[in-house]
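Shown next: target.tsv, given as TSV, C-alpha atoms and all ligand atoms.
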```
chain	number	residue	atom	x	y	z
A	1	MET	CA	114.62	62.67	149.27
A	2	LEU	CA	114.49	66.09	147.62
A	3	LYS	CA	117.54	67.29	145.74
A	4	TRP	CA	118.30	70.62	144.11
A	5	ILE	CA	116.89	69.47	140.76
A	6	ASP	CA	113.52	68.82	142.46
A	7	ILE	CA	113.50	72.24	144.12
A	8	VAL	CA	114.17	73.96	140.78
A	9	LYS	CA	111.42	71.89	139.15
A	10	PHE	CA	108.92	72.90	141.85
A	11	ALA	CA	109.85	76.59	141.49
A	12	ASN	CA	109.55	76.45	137.68
A	13	LYS	CA	106.58	74.14	137.17
A	14	GLY	CA	104.54	74.46	140.34
A	15	ASN	CA	104.85	73.30	143.93
A	16	PRO	CA	103.51	69.98	145.24
A	17	THR	CA	99.94	69.97	146.56
A	18	PRO	CA	99.83	70.50	150.33
A	19	ASP	CA	97.66	68.35	152.60
A	20	ARG	CA	95.60	71.44	153.49
A	21	ARG	CA	95.56	75.19	152.97
A	22	VAL	CA	95.29	78.01	155.53
A	23	GLU	CA	94.48	81.45	154.09
A	24	LYS	CA	94.07	84.74	155.99
A	25	THR	CA	94.27	88.42	155.10
A	26	GLU	CA	97.34	90.43	156.04
A	27	ASP	CA	95.32	92.17	158.79
A	28	GLU	CA	94.18	88.83	160.19
A	29	TRP	CA	97.79	87.59	160.35
A	30	ARG	CA	98.88	90.86	161.92
A	31	SER	CA	96.27	90.49	164.66
A	32	ILE	CA	97.38	86.99	165.72
A	33	LEU	CA	101.17	87.08	165.27
A	34	MET	CA	103.86	88.78	167.35
A	35	PRO	CA	105.13	91.83	165.41
A	36	GLU	CA	108.56	90.32	164.69
A	37	VAL	CA	107.03	87.02	163.57
A	38	PHE	CA	104.62	88.96	161.34
A	39	ARG	CA	107.50	90.94	159.82
A	40	ILE	CA	109.48	87.83	158.97
A	41	THR	CA	106.74	85.45	157.84
A	42	ARG	CA	104.27	87.79	156.12
A	43	LEU	CA	106.59	90.61	154.97
A	44	LYS	CA	109.55	88.37	154.02
A	45	GLY	CA	111.87	89.73	156.69
A	46	THR	CA	115.07	88.18	158.01
A	47	GLU	CA	116.09	87.91	161.64
A	48	ARG	CA	119.62	88.79	162.70
A	49	ALA	CA	122.12	85.93	162.50
A	50	ASN	CA	122.68	84.13	165.82
A	51	SER	CA	119.63	85.82	167.32
A	52	SER	CA	118.01	82.57	168.42
A	53	ALA	CA	119.10	79.73	170.67
A	54	MET	CA	117.27	77.42	168.21
A	55	CYS	CA	120.43	77.36	166.05
A	56	SER	CA	122.27	75.22	168.56
A	57	LEU	CA	119.35	73.01	169.67
A	58	PHE	CA	119.38	69.48	168.33
A	59	GLU	CA	117.04	67.66	170.73
A	60	PRO	CA	114.51	65.29	169.13
A	61	GLY	CA	111.33	66.95	168.01
A	62	LYS	CA	109.66	68.67	165.13
A	63	TYR	CA	109.50	72.23	163.90
A	64	ALA	CA	106.10	73.63	162.88
A	65	CYS	CA	105.13	76.80	161.01
A	66	ALA	CA	104.81	79.73	163.43
A	67	CYS	CA	101.70	80.89	161.54
A	68	CYS	CA	99.64	77.75	160.81
A	69	ASP	CA	101.24	74.99	162.98
A	70	THR	CA	101.91	72.70	160.02
A	71	GLU	CA	104.94	70.51	160.70
A	72	LEU	CA	107.81	71.58	158.45
A	73	PHE	CA	111.05	69.97	159.65
A	74	ASP	CA	112.24	67.13	161.86
A	75	SER	CA	115.19	67.54	164.22
A	76	GLY	CA	116.74	64.47	162.56
A	77	GLU	CA	117.41	66.62	159.48
A	78	LYS	CA	118.79	69.59	161.45
A	79	PHE	CA	122.51	70.32	161.30
A	80	ASP	CA	124.96	72.93	162.52
A	81	SER	CA	125.71	75.06	159.47
A	82	GLY	CA	127.57	77.76	161.40
A	83	THR	CA	125.51	80.42	159.59
A	84	GLY	CA	123.58	81.70	162.59
A	85	TRP	CA	120.22	80.40	161.34
A	86	PRO	CA	118.60	77.02	162.00
A	87	SER	CA	119.53	74.76	159.11
A	88	PHE	CA	117.98	71.57	157.75
A	89	THR	CA	118.84	69.20	154.92
A	90	GLN	CA	115.28	68.19	154.10
A	91	PRO	CA	111.66	69.09	154.92
A	92	ILE	CA	109.57	66.67	157.00
A	93	GLU	CA	107.44	65.82	153.95
A	94	GLU	CA	108.10	66.62	150.31
A	95	ASN	CA	104.94	68.77	150.14
A	96	ALA	CA	105.51	70.71	153.39
A	97	VAL	CA	107.58	73.51	151.86
A	98	ALA	CA	106.97	75.55	148.69
A	99	TYR	CA	109.69	77.20	146.60
A	100	HIS	CA	109.83	80.49	144.77
A	101	LYS	CA	112.64	82.16	142.84
A	102	ASP	CA	113.56	85.29	144.78
A	103	ARG	CA	115.36	88.07	142.90
A	104	SER	CA	115.09	90.71	145.64
A	105	HIS	CA	118.09	92.65	147.01
A	106	GLY	CA	120.00	92.15	143.76
A	107	MET	CA	120.45	88.44	144.47
A	108	SER	CA	119.09	85.30	142.86
A	109	ARG	CA	117.97	82.97	145.64
A	110	MET	CA	115.47	80.18	146.20
A	111	GLU	CA	112.85	81.25	148.74
A	112	ALA	CA	111.32	78.61	151.03
A	113	LEU	CA	107.70	79.15	152.10
A	114	CYS	CA	105.21	77.21	154.18
A	115	ASN	CA	103.22	75.33	151.53
A	116	THR	CA	100.12	75.51	153.73
A	117	CYS	CA	99.90	79.25	154.52
A	118	ASP	CA	102.62	80.86	152.33
A	119	ALA	CA	104.61	82.09	155.34
A	120	HIS	CA	108.10	83.16	154.33
A	121	LEU	CA	110.51	80.78	156.09
A	122	GLY	CA	113.93	81.56	154.61
A	123	HIS	CA	115.93	80.26	151.64
A	124	VAL	CA	117.31	76.99	150.27
A	125	PHE	CA	120.90	76.66	149.11
A	126	LEU	CA	122.78	73.84	147.39
A	127	ASP	CA	125.78	73.77	149.72
A	128	GLY	CA	124.26	71.46	152.36
A	129	PRO	CA	125.60	68.10	153.52
A	130	MET	CA	125.14	64.96	151.44
A	131	PRO	CA	123.18	62.98	150.52
A	132	SER	CA	120.62	65.71	149.72
A	133	GLY	CA	123.21	68.48	149.37
A	134	LEU	CA	120.51	70.96	150.47
A	135	ARG	CA	120.67	73.62	153.17
A	136	TYR	CA	117.34	75.03	154.26
A	137	CYS	CA	118.33	78.28	156.00
A	138	ILE	CA	115.28	79.11	158.10
A	139	ASN	CA	114.38	81.98	160.40
A	140	ALA	CA	113.94	80.65	163.92
A	141	LEU	CA	110.99	82.99	164.45
A	142	ALA	CA	109.16	81.40	161.49
A	143	MET	CA	108.99	78.12	163.43
A	144	LYS	CA	107.75	76.66	166.71
A	145	LYS	CA	109.46	73.68	168.27
A	146	VAL	CA	106.99	70.87	168.86
A	147	HIS	CA	107.97	68.34	171.46
A	148	SER	CA	107.82	64.76	170.26
A	149	ASP	CA	109.03	61.52	171.77
A	150	GLU	CA	108.64	59.67	168.49
A	151	GLN	CA	111.57	57.63	167.25
A	152	LYS	CA	112.38	55.98	163.95
A	153	ALA	CA	113.54	52.43	163.31
A	154	THR	CA	114.58	50.92	159.98
A	155	PHE	CA	114.31	47.19	159.19
A	156	GLY	CA	114.55	44.99	156.13
A	157	GLY	CA	113.03	41.54	155.94
A	158	GLY	CA	112.20	40.78	152.33
A	159	CYS	CA	109.56	42.49	150.26
A	160	PHE	CA	108.53	45.76	151.92
A	161	TRP	CA	104.90	45.18	150.97
A	162	CYS	CA	104.95	42.46	153.68
A	163	THR	CA	106.96	44.20	156.40
A	164	GLU	CA	104.95	47.41	155.98
A	165	ALA	CA	101.65	45.52	156.41
A	166	ILE	CA	102.89	44.02	159.68
A	167	PHE	CA	104.27	47.14	161.35
A	168	GLN	CA	101.20	49.19	160.34
A	169	GLN	CA	99.09	47.11	162.71
A	170	LEU	CA	101.09	47.71	165.89
A	171	LYS	CA	99.95	49.88	168.78
A	172	GLY	CA	102.40	52.77	169.23
A	173	VAL	CA	103.45	52.79	165.58
A	174	THR	CA	102.34	56.08	164.03
A	175	LYS	CA	103.76	55.80	160.53
A	176	VAL	CA	105.34	53.19	158.28
A	177	LYS	CA	107.09	54.07	155.03
A	178	SER	CA	108.44	51.63	152.47
A	179	GLY	CA	111.81	52.44	150.97
A	180	TYR	CA	115.45	51.57	150.44
A	181	SER	CA	118.50	51.71	152.68
A	182	GLY	CA	121.98	50.28	153.03
A	183	GLY	CA	123.17	50.89	149.49
A	184	ALA	CA	125.43	53.29	147.68
A	185	ILE	CA	123.18	55.43	145.50
A	186	VAL	CA	120.88	58.31	146.38
A	187	ASN	CA	117.17	58.12	145.51
A	188	PRO	CA	117.21	54.69	143.86
A	189	THR	CA	114.20	53.53	141.87
A	190	TYR	CA	112.44	50.22	142.50
A	191	ARG	CA	113.77	48.94	139.19
A	192	GLU	CA	117.35	49.81	140.16
A	193	VAL	CA	117.01	48.13	143.56
A	194	CYS	CA	115.49	45.01	141.92
A	195	SER	CA	118.64	44.68	139.81
A	196	GLY	CA	120.49	43.78	143.02
A	197	MET	CA	123.31	46.14	141.98
A	198	THR	CA	122.63	49.14	144.24
A	199	GLY	CA	123.46	47.49	147.55
A	200	HIS	CA	120.13	48.71	148.90
A	201	ALA	CA	117.71	46.50	150.76
A	202	GLU	CA	113.94	46.91	150.68
A	203	VAL	CA	113.17	48.31	154.13
A	204	VAL	CA	110.49	49.93	156.20
A	205	GLU	CA	110.96	53.10	158.21
A	206	VAL	CA	108.84	52.72	161.33
A	207	THR	CA	107.92	55.83	163.34
A	208	TYR	CA	106.90	54.86	166.86
A	209	ASP	CA	106.24	56.18	170.34
A	210	PRO	CA	108.66	54.44	172.73
A	211	LYS	CA	106.19	55.00	175.59
A	212	LEU	CA	103.80	52.62	173.82
A	213	ILE	CA	106.16	50.13	172.16
A	214	SER	CA	109.85	49.59	172.78
A	215	TYR	CA	112.65	49.25	170.25
A	216	GLU	CA	113.33	45.76	171.65
A	217	ASP	CA	109.71	44.72	170.99
A	218	LEU	CA	109.91	46.06	167.44
A	219	LEU	CA	113.10	44.05	166.89
A	220	LYS	CA	111.58	40.84	168.27
A	221	ILE	CA	108.48	41.30	166.13
A	222	HIS	CA	110.62	41.94	163.07
A	223	LEU	CA	112.81	38.88	163.65
A	224	THR	CA	109.85	36.55	164.22
A	225	THR	CA	107.66	37.70	161.32
A	226	HIS	CA	110.11	37.10	158.49
A	227	ASN	CA	112.67	34.35	158.04
A	228	PRO	CA	116.00	35.72	159.38
A	229	THR	CA	117.85	32.46	158.64
A	230	THR	CA	117.82	32.55	154.84
A	231	LEU	CA	120.66	34.55	153.30
A	232	ASN	CA	119.55	37.09	150.67
A	233	ARG	CA	116.26	35.32	150.33
A	234	GLN	CA	112.70	35.53	151.64
A	235	GLY	CA	110.57	32.67	150.34
A	236	GLY	CA	110.37	33.05	146.56
A	237	ASP	CA	112.04	36.49	146.64
A	238	ARG	CA	115.77	36.15	146.04
A	239	GLY	CA	118.53	38.77	145.89
A	240	THR	CA	120.49	41.00	148.25
A	241	GLN	CA	117.62	43.53	148.16
A	242	TYR	CA	115.59	40.98	150.14
A	243	ARG	CA	118.21	40.43	152.86
A	244	SER	CA	117.35	40.43	156.54
A	245	ILE	CA	118.79	43.59	158.06
A	246	ILE	CA	118.54	45.88	161.10
A	247	PHE	CA	119.80	49.46	160.98
A	248	TYR	CA	120.73	50.95	164.35
A	249	ARG	CA	120.96	54.69	165.04
A	250	ASN	CA	123.17	54.69	168.16
A	251	ASP	CA	125.18	52.38	170.44
A	252	ALA	CA	122.19	51.71	172.70
A	253	GLU	CA	120.13	50.49	169.73
A	254	LYS	CA	123.04	48.37	168.55
A	255	ALA	CA	123.26	46.69	171.98
A	256	THR	CA	119.49	46.15	172.03
A	257	ALA	CA	119.63	44.62	168.55
A	258	ILE	CA	122.40	42.20	169.57
A	259	LYS	CA	120.40	41.21	172.65
A	260	ALA	CA	117.12	40.75	170.73
A	261	THR	CA	118.86	38.69	168.04
A	262	ALA	CA	120.34	36.40	170.71
A	263	ILE	CA	116.94	35.93	172.36
A	264	VAL	CA	115.15	35.21	169.09
A	265	GLN	CA	117.90	32.78	167.99
A	266	GLY	CA	116.44	30.32	170.48
A	267	ALA	CA	113.28	30.06	168.38
A	268	TYR	CA	115.14	28.96	165.24
A	269	ASP	CA	117.08	25.78	164.44
A	270	GLN	CA	119.26	27.53	161.86
A	271	LEU	CA	121.58	30.44	162.59
A	272	LEU	CA	120.23	33.95	162.08
A	273	VAL	CA	121.92	35.74	159.18
A	274	THR	CA	120.40	39.15	159.90
A	275	GLU	CA	122.83	41.94	159.09
A	276	LEU	CA	123.37	44.67	161.69
A	277	LYS	CA	124.45	47.99	160.23
A	278	PRO	CA	124.60	51.66	161.30
A	279	PHE	CA	121.79	53.71	159.78
A	280	GLN	CA	122.88	56.21	157.16
A	281	ALA	CA	120.00	57.20	154.93
A	282	PHE	CA	116.48	56.14	154.04
A	283	PHE	CA	115.03	56.75	150.60
A	284	ALA	CA	111.25	56.50	150.31
A	285	ALA	CA	109.97	54.15	147.62
A	286	GLU	CA	107.66	55.29	144.85
A	287	GLY	CA	104.08	56.18	145.84
A	288	LYS	CA	102.58	52.97	144.43
A	289	HIS	CA	104.66	50.95	146.93
A	290	GLN	CA	103.35	52.85	149.96
A	291	ASN	CA	100.43	51.35	151.90
A	292	TYR	CA	100.54	48.52	149.36
A	293	TYR	CA	98.69	45.85	151.30
A	294	ASN	CA	95.78	48.10	152.26
A	295	ASP	CA	95.43	49.40	148.71
A	296	ASN	CA	95.80	46.00	147.02
A	297	SER	CA	94.47	43.50	149.56
A	298	GLU	CA	92.48	41.57	146.93
A	299	GLY	CA	95.57	41.14	144.75
A	300	ARG	CA	97.25	37.79	144.25
A	301	TYR	CA	100.49	38.64	146.11
A	302	CYS	CA	98.59	40.00	149.10
A	303	GLN	CA	96.32	36.95	149.25
A	304	ALA	CA	99.01	34.33	148.66
A	305	VAL	CA	102.04	35.79	150.44
A	306	ILE	CA	101.09	38.59	152.83
A	307	ASN	CA	97.88	37.15	154.32
A	308	PRO	CA	99.56	34.01	155.74
A	309	LYS	CA	102.32	36.18	157.28
A	310	LEU	CA	99.75	38.53	158.81
A	311	LYS	CA	97.80	35.60	160.22
A	312	LYS	CA	100.90	34.25	161.96
A	313	PHE	CA	101.86	37.72	163.20
A	314	LYS	CA	98.40	38.43	164.63
A	315	ALA	CA	98.31	35.11	166.47
A	316	LEU	CA	101.73	35.79	168.03
A	317	TYR	CA	101.18	39.42	168.98
A	318	GLN	CA	97.45	39.83	169.74
A	319	ASP	CA	98.20	42.10	172.71
A	320	LYS	CA	100.24	44.52	170.58
A	321	LEU	CA	97.71	45.16	167.81
A	322	LYS	CA	95.93	48.49	167.29
B	1	FE	FE	102.24	77.92	157.66
```
Taking this structure as input, can you express it in the form of structure tokens?
Amino acid sequence: MLKWIDIVKFANKGNPTPDRRVEKTEDEWRSILMPEVFRITRLKGTERANSSAMCSLFEPGKYACACCDTELFDSGEKFDSGTGWPSFTQPIEENAVAYHKDRSHGMSRMEALCNTCDAHLGHVFLDGPMPSGLRYCINALAMKKVHSDEQKATFGGGCFWCTEAIFQQLKGVTKVKSGYSGGAIVNPTYREVCSGMTGHAEVVEVTYDPKLISYEDLLKIHLTTHNPTTLNRQGGDRGTQYRSIIFYRNDAEKATAIKATAIVQGAYDQLLVTELKPFQAFFAAEGKHQNYYNDNSEGRYCQAVINPKLKKFKALYQDKLK
């Protein structure tokens, strides 16, 4: 999760590398953009406050750059700031937005630009809601709403190297991120979480298309591919960071989780100890922990611990694999 200190670092020392670059001349942009979009994105203009209905829209979906279509923000990070401009607490990816110190109009502000095509988007301020504390104040005309049915689910079931490897193989799952959730501190490190003192669990954030796989199926798969009956322990991994946990995002998910837990209980002799908790925040783990199984499949942990779990999972859920 980006915080103000990261934004300042990017502006001072260089922005993160984008996934791709789109470059056009001013005349080329002028020829393909509506005049008002051109004025805002390429000439650093600002639309009037409250000039767009986008301010009060909070439906699920993503917001892409009006110039180059790169996804910039997710509706999950959108909030009502009351300013008259669409406001977000975080970009969709840490390298989606670039930052530049803006001293125009006698003010000192932090400009937010599309990191792919340099479109001016708006500004970032440090008076946003916690935990990031950031407010991305963005011109509605600098963005296009992209419809998306994708949902996110967050589960913990021991070492995230294992749970990530399992969910990555499911049809309908578009992204899996390893990280931390359920604890008290923002942006914990792996070392801090390993101490068992942060309250965080190792979790995976699963992005999925509910038309292809349901939340209930994800829950059943989660509960049958780790051991949900051992308190604060998963095989040789011991500590609260390895606890079995389900984070729900609304009452419907909570009800589904209670139902799935009851169904799966029948498959175990011991009682399930899986914790059920409202989702608050997810903090991505360090880069070396992402896609761990695929990048380290010859390693000892992958061979000895993850491979047997994957074998069991694949036998159980053949019809749900990619
Ligand atoms: Fe762009």
What's the 10 Å shell around stretch 301-316 of chain A, counting all atoms listed in the file, without same-chain residues fewer than 4 positions away, as number ranges by chain? A: 159, 161-163, 165-167, 169-170, 221-222, 224-226, 235-236, 292-297, 320-321
Deliver the residues from the most recent selection as a file, using C-alpha atoms, as an mmCIF file, in the frame of the given file.
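Below is the file selection-v2.cif, written as the result:
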```cif
data_model
loop_
_atom_site.group_PDB
_atom_site.id
_atom_site.type_symbol
_atom_site.label_atom_id
_atom_site.label_comp_id
_atom_site.auth_asym_id
_atom_site.auth_seq_id
_atom_site.Cartn_x
_atom_site.Cartn_y
_atom_site.Cartn_z
ATOM 1 C CA CYS A 159 109.560 42.490 150.260
ATOM 2 C CA TRP A 161 104.900 45.180 150.970
ATOM 3 C CA CYS A 162 104.950 42.460 153.680
ATOM 4 C CA THR A 163 106.960 44.200 156.400
ATOM 5 C CA ALA A 165 101.650 45.520 156.410
ATOM 6 C CA ILE A 166 102.890 44.020 159.680
ATOM 7 C CA PHE A 167 104.270 47.140 161.350
ATOM 8 C CA GLN A 169 99.090 47.110 162.710
ATOM 9 C CA LEU A 170 101.090 47.710 165.890
ATOM 10 C CA ILE A 221 108.480 41.300 166.130
ATOM 11 C CA HIS A 222 110.620 41.940 163.070
ATOM 12 C CA THR A 224 109.850 36.550 164.220
ATOM 13 C CA THR A 225 107.660 37.700 161.320
ATOM 14 C CA HIS A 226 110.110 37.100 158.490
ATOM 15 C CA GLY A 235 110.570 32.670 150.340
ATOM 16 C CA GLY A 236 110.370 33.050 146.560
ATOM 17 C CA TYR A 292 100.540 48.520 149.360
ATOM 18 C CA TYR A 293 98.690 45.850 151.300
ATOM 19 C CA ASN A 294 95.780 48.100 152.260
ATOM 20 C CA ASP A 295 95.430 49.400 148.710
ATOM 21 C CA ASN A 296 95.800 46.000 147.020
ATOM 22 C CA SER A 297 94.470 43.500 149.560
ATOM 23 C CA LYS A 320 100.240 44.520 170.580
ATOM 24 C CA LEU A 321 97.710 45.160 167.810
#
```
Any idea what's packed within 8 Å of stretch 279-281 of chain A, counting all atoms listed in the file, ignoring anything in its chain fewer than 5 positions away? Could you give it as a compact mmCIF listing (two decimals) with C-alpha atoms, in the frame of the given file?
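Generated file (out.txt):
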```
# COMPACT_ATOMS: atom_id res chain seq x y z
CA PRO A 131 123.18 62.98 150.52
CA THR A 154 114.58 50.92 159.98
CA SER A 181 118.50 51.71 152.68
CA GLY A 182 121.98 50.28 153.03
CA PHE A 247 119.80 49.46 160.98
CA TYR A 248 120.73 50.95 164.35
CA ARG A 249 120.96 54.69 165.04
```
Gap from atom CA of A:Met54 to atom CA of A:Val206 - Å, one decimal: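 Calculated distance between atom CA of A:Met54 and atom CA of A:Val206 is 27.0 Å.
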Selected residue of minimal separation from A:Lys288 among A:Arg238, A:Phe160, A:Lys9, A:Gly172, counting all atoms listed in the file: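 The closest residue to A:Lys288 is A:Phe160.
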Residues up to 7 Å from ligand FE 1 (chain B), counting only C-alpha atoms and all ligand atoms: could you list those as a ChimeraX atom specification? /A:65-70,114-119
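Checking A:Arg243, A:Arg135, A:Arg300, A:Arg20 one by one against A:Ala96, counting only C-alpha atoms, you find the shortest gap at A:Arg20.
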So how far away is atom CA of A:Phe283 from atom CA of A:Thr198, in Å?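 Interatomic distance, atom CA of A:Thr198 to atom CA of A:Phe283: 12.5 Å.
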Do a neighbour search on A:Met107 at 12 Å with all atoms listed in the file, toss out local chain neighbours closer than 5 positions, and write the hits as a VMD selection string. chain A and resid 101 to 102 123
Please dump the current selection as a compact mmCIF listing (two decimals), in the frame of the given file; keep C-alpha atoms.
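What landed in again-v5.txt:
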```txt
# COMPACT_ATOMS: atom_id res chain seq x y z
CA LYS A 101 112.64 82.16 142.84
CA ASP A 102 113.56 85.29 144.78
CA HIS A 123 115.93 80.26 151.64
```
Find the residues near A:Glu192: any atom within 12 Å, counting all atoms listed in the file, skip ones fewer than 4 places away on the same chain, and give them as a list in words. Tyr180, Gly183, Ala184, Ile185, Val186, Asn187, Pro188, Gly196, Met197, Thr198, Gly199, His200, Ala201, Glu202, Gln241 and Ala285 of chain A
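Of the listed residues A:Ile7, A:Ala53, A:Ala284, A:Val203, the one whose atoms come nearest to A:Thr189 is A:Ala284, with distances taken using all atoms listed in the file.
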Would you list the contacts of stretch 138-150 of chain A as number ranges by chain, taking every protein, DNA or RNA residue within 6 Å and counting only C-alpha atoms, but skipping same-chain residues closer than 3 positions in sequence? A: 37, 41, 61-66, 86, 121-122, 208-209
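If you measure from each of A:Phe38, A:Tyr136, A:Phe73, A:Phe79 to A:Phe58 using all atoms listed in the file, the closest one turns out to be A:Phe79.
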Any chance you could work out the axis-aligned box around stretch 127-141 of chain A, listed atoms only, 3 Å on each side, giving centre and edge lengths in Å to one decimal, as JSON?
```
{"center_x": 118.4, "center_y": 73.0, "center_z": 156.9, "size_x": 20.8, "size_y": 26.0, "size_z": 21.1}
```
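Of note, atom CA of A:Thr207 and atom CA of A:Asp127 are spaced 28.7 Å apart.
Between A:Lys13 and the candidates A:His100, A:His105, A:Lys44, A:Lys78, the tightest atom-to-atom separation, counting all atoms listed in the file, involves A:His100.
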Which residue out of A:Ile32, A:Leu2, A:Ala257, A:Leu231 has the minimum interatomic distance to A:Leu271 when all atoms listed in the file are used?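 Between A:Ile32, A:Leu2, A:Ala257, A:Leu231, the residue approaching A:Leu271 most closely is A:Leu231.
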Some atoms are absent from stretch 222-235 of chain A, so rebuild N, CA and C atoms and return them as an mmCIF file, in the frame of the given file.
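Generated file (result_38.cif):
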```
data_model
loop_
_atom_site.group_PDB
_atom_site.id
_atom_site.type_symbol
_atom_site.label_atom_id
_atom_site.label_comp_id
_atom_site.auth_asym_id
_atom_site.auth_seq_id
_atom_site.Cartn_x
_atom_site.Cartn_y
_atom_site.Cartn_z
ATOM 1 N N HIS A 222 110.003 42.013 164.405
ATOM 2 C CA HIS A 222 110.620 41.940 163.070
ATOM 3 C C HIS A 222 111.264 40.569 162.837
ATOM 4 N N LEU A 223 112.029 40.122 163.825
ATOM 5 C CA LEU A 223 112.810 38.880 163.650
ATOM 6 C C LEU A 223 111.940 37.620 163.670
ATOM 7 N N THR A 224 110.715 37.740 164.171
ATOM 8 C CA THR A 224 109.850 36.550 164.220
ATOM 9 C C THR A 224 108.729 36.591 163.175
ATOM 10 N N THR A 225 108.713 37.639 162.342
ATOM 11 C CA THR A 225 107.660 37.700 161.320
ATOM 12 C C THR A 225 108.234 37.649 159.896
ATOM 13 N N HIS A 226 109.538 37.482 159.789
ATOM 14 C CA HIS A 226 110.110 37.100 158.490
ATOM 15 C C HIS A 226 111.099 35.985 158.800
ATOM 16 N N ASN A 227 111.717 35.420 157.783
ATOM 17 C CA ASN A 227 112.670 34.350 158.040
ATOM 18 C C ASN A 227 114.091 34.921 158.078
ATOM 19 N N PRO A 228 114.672 35.096 159.283
ATOM 20 C CA PRO A 228 116.000 35.720 159.380
ATOM 21 C C PRO A 228 117.130 34.710 159.196
ATOM 22 N N THR A 229 116.796 33.481 158.776
ATOM 23 C CA THR A 229 117.850 32.460 158.640
ATOM 24 C C THR A 229 118.207 32.175 157.181
ATOM 25 N N THR A 230 117.502 32.820 156.242
ATOM 26 C CA THR A 230 117.820 32.550 154.840
ATOM 27 C C THR A 230 118.572 33.736 154.246
ATOM 28 N N LEU A 231 119.784 33.483 153.788
ATOM 29 C CA LEU A 231 120.660 34.550 153.300
ATOM 30 C C LEU A 231 120.152 35.095 151.952
ATOM 31 N N ASN A 232 119.956 36.412 151.915
ATOM 32 C CA ASN A 232 119.550 37.090 150.670
ATOM 33 C C ASN A 232 118.314 36.439 150.029
ATOM 34 N N ARG A 233 117.430 35.983 150.876
ATOM 35 C CA ARG A 233 116.260 35.320 150.330
ATOM 36 C C ARG A 233 115.109 35.371 151.331
ATOM 37 N N GLN A 234 113.907 35.570 150.816
ATOM 38 C CA GLN A 234 112.700 35.530 151.640
ATOM 39 C C GLN A 234 111.656 34.774 150.834
ATOM 40 N N GLY A 235 111.491 33.482 151.130
ATOM 41 C CA GLY A 235 110.570 32.670 150.340
ATOM 42 C C GLY A 235 111.002 32.668 148.883
#
```
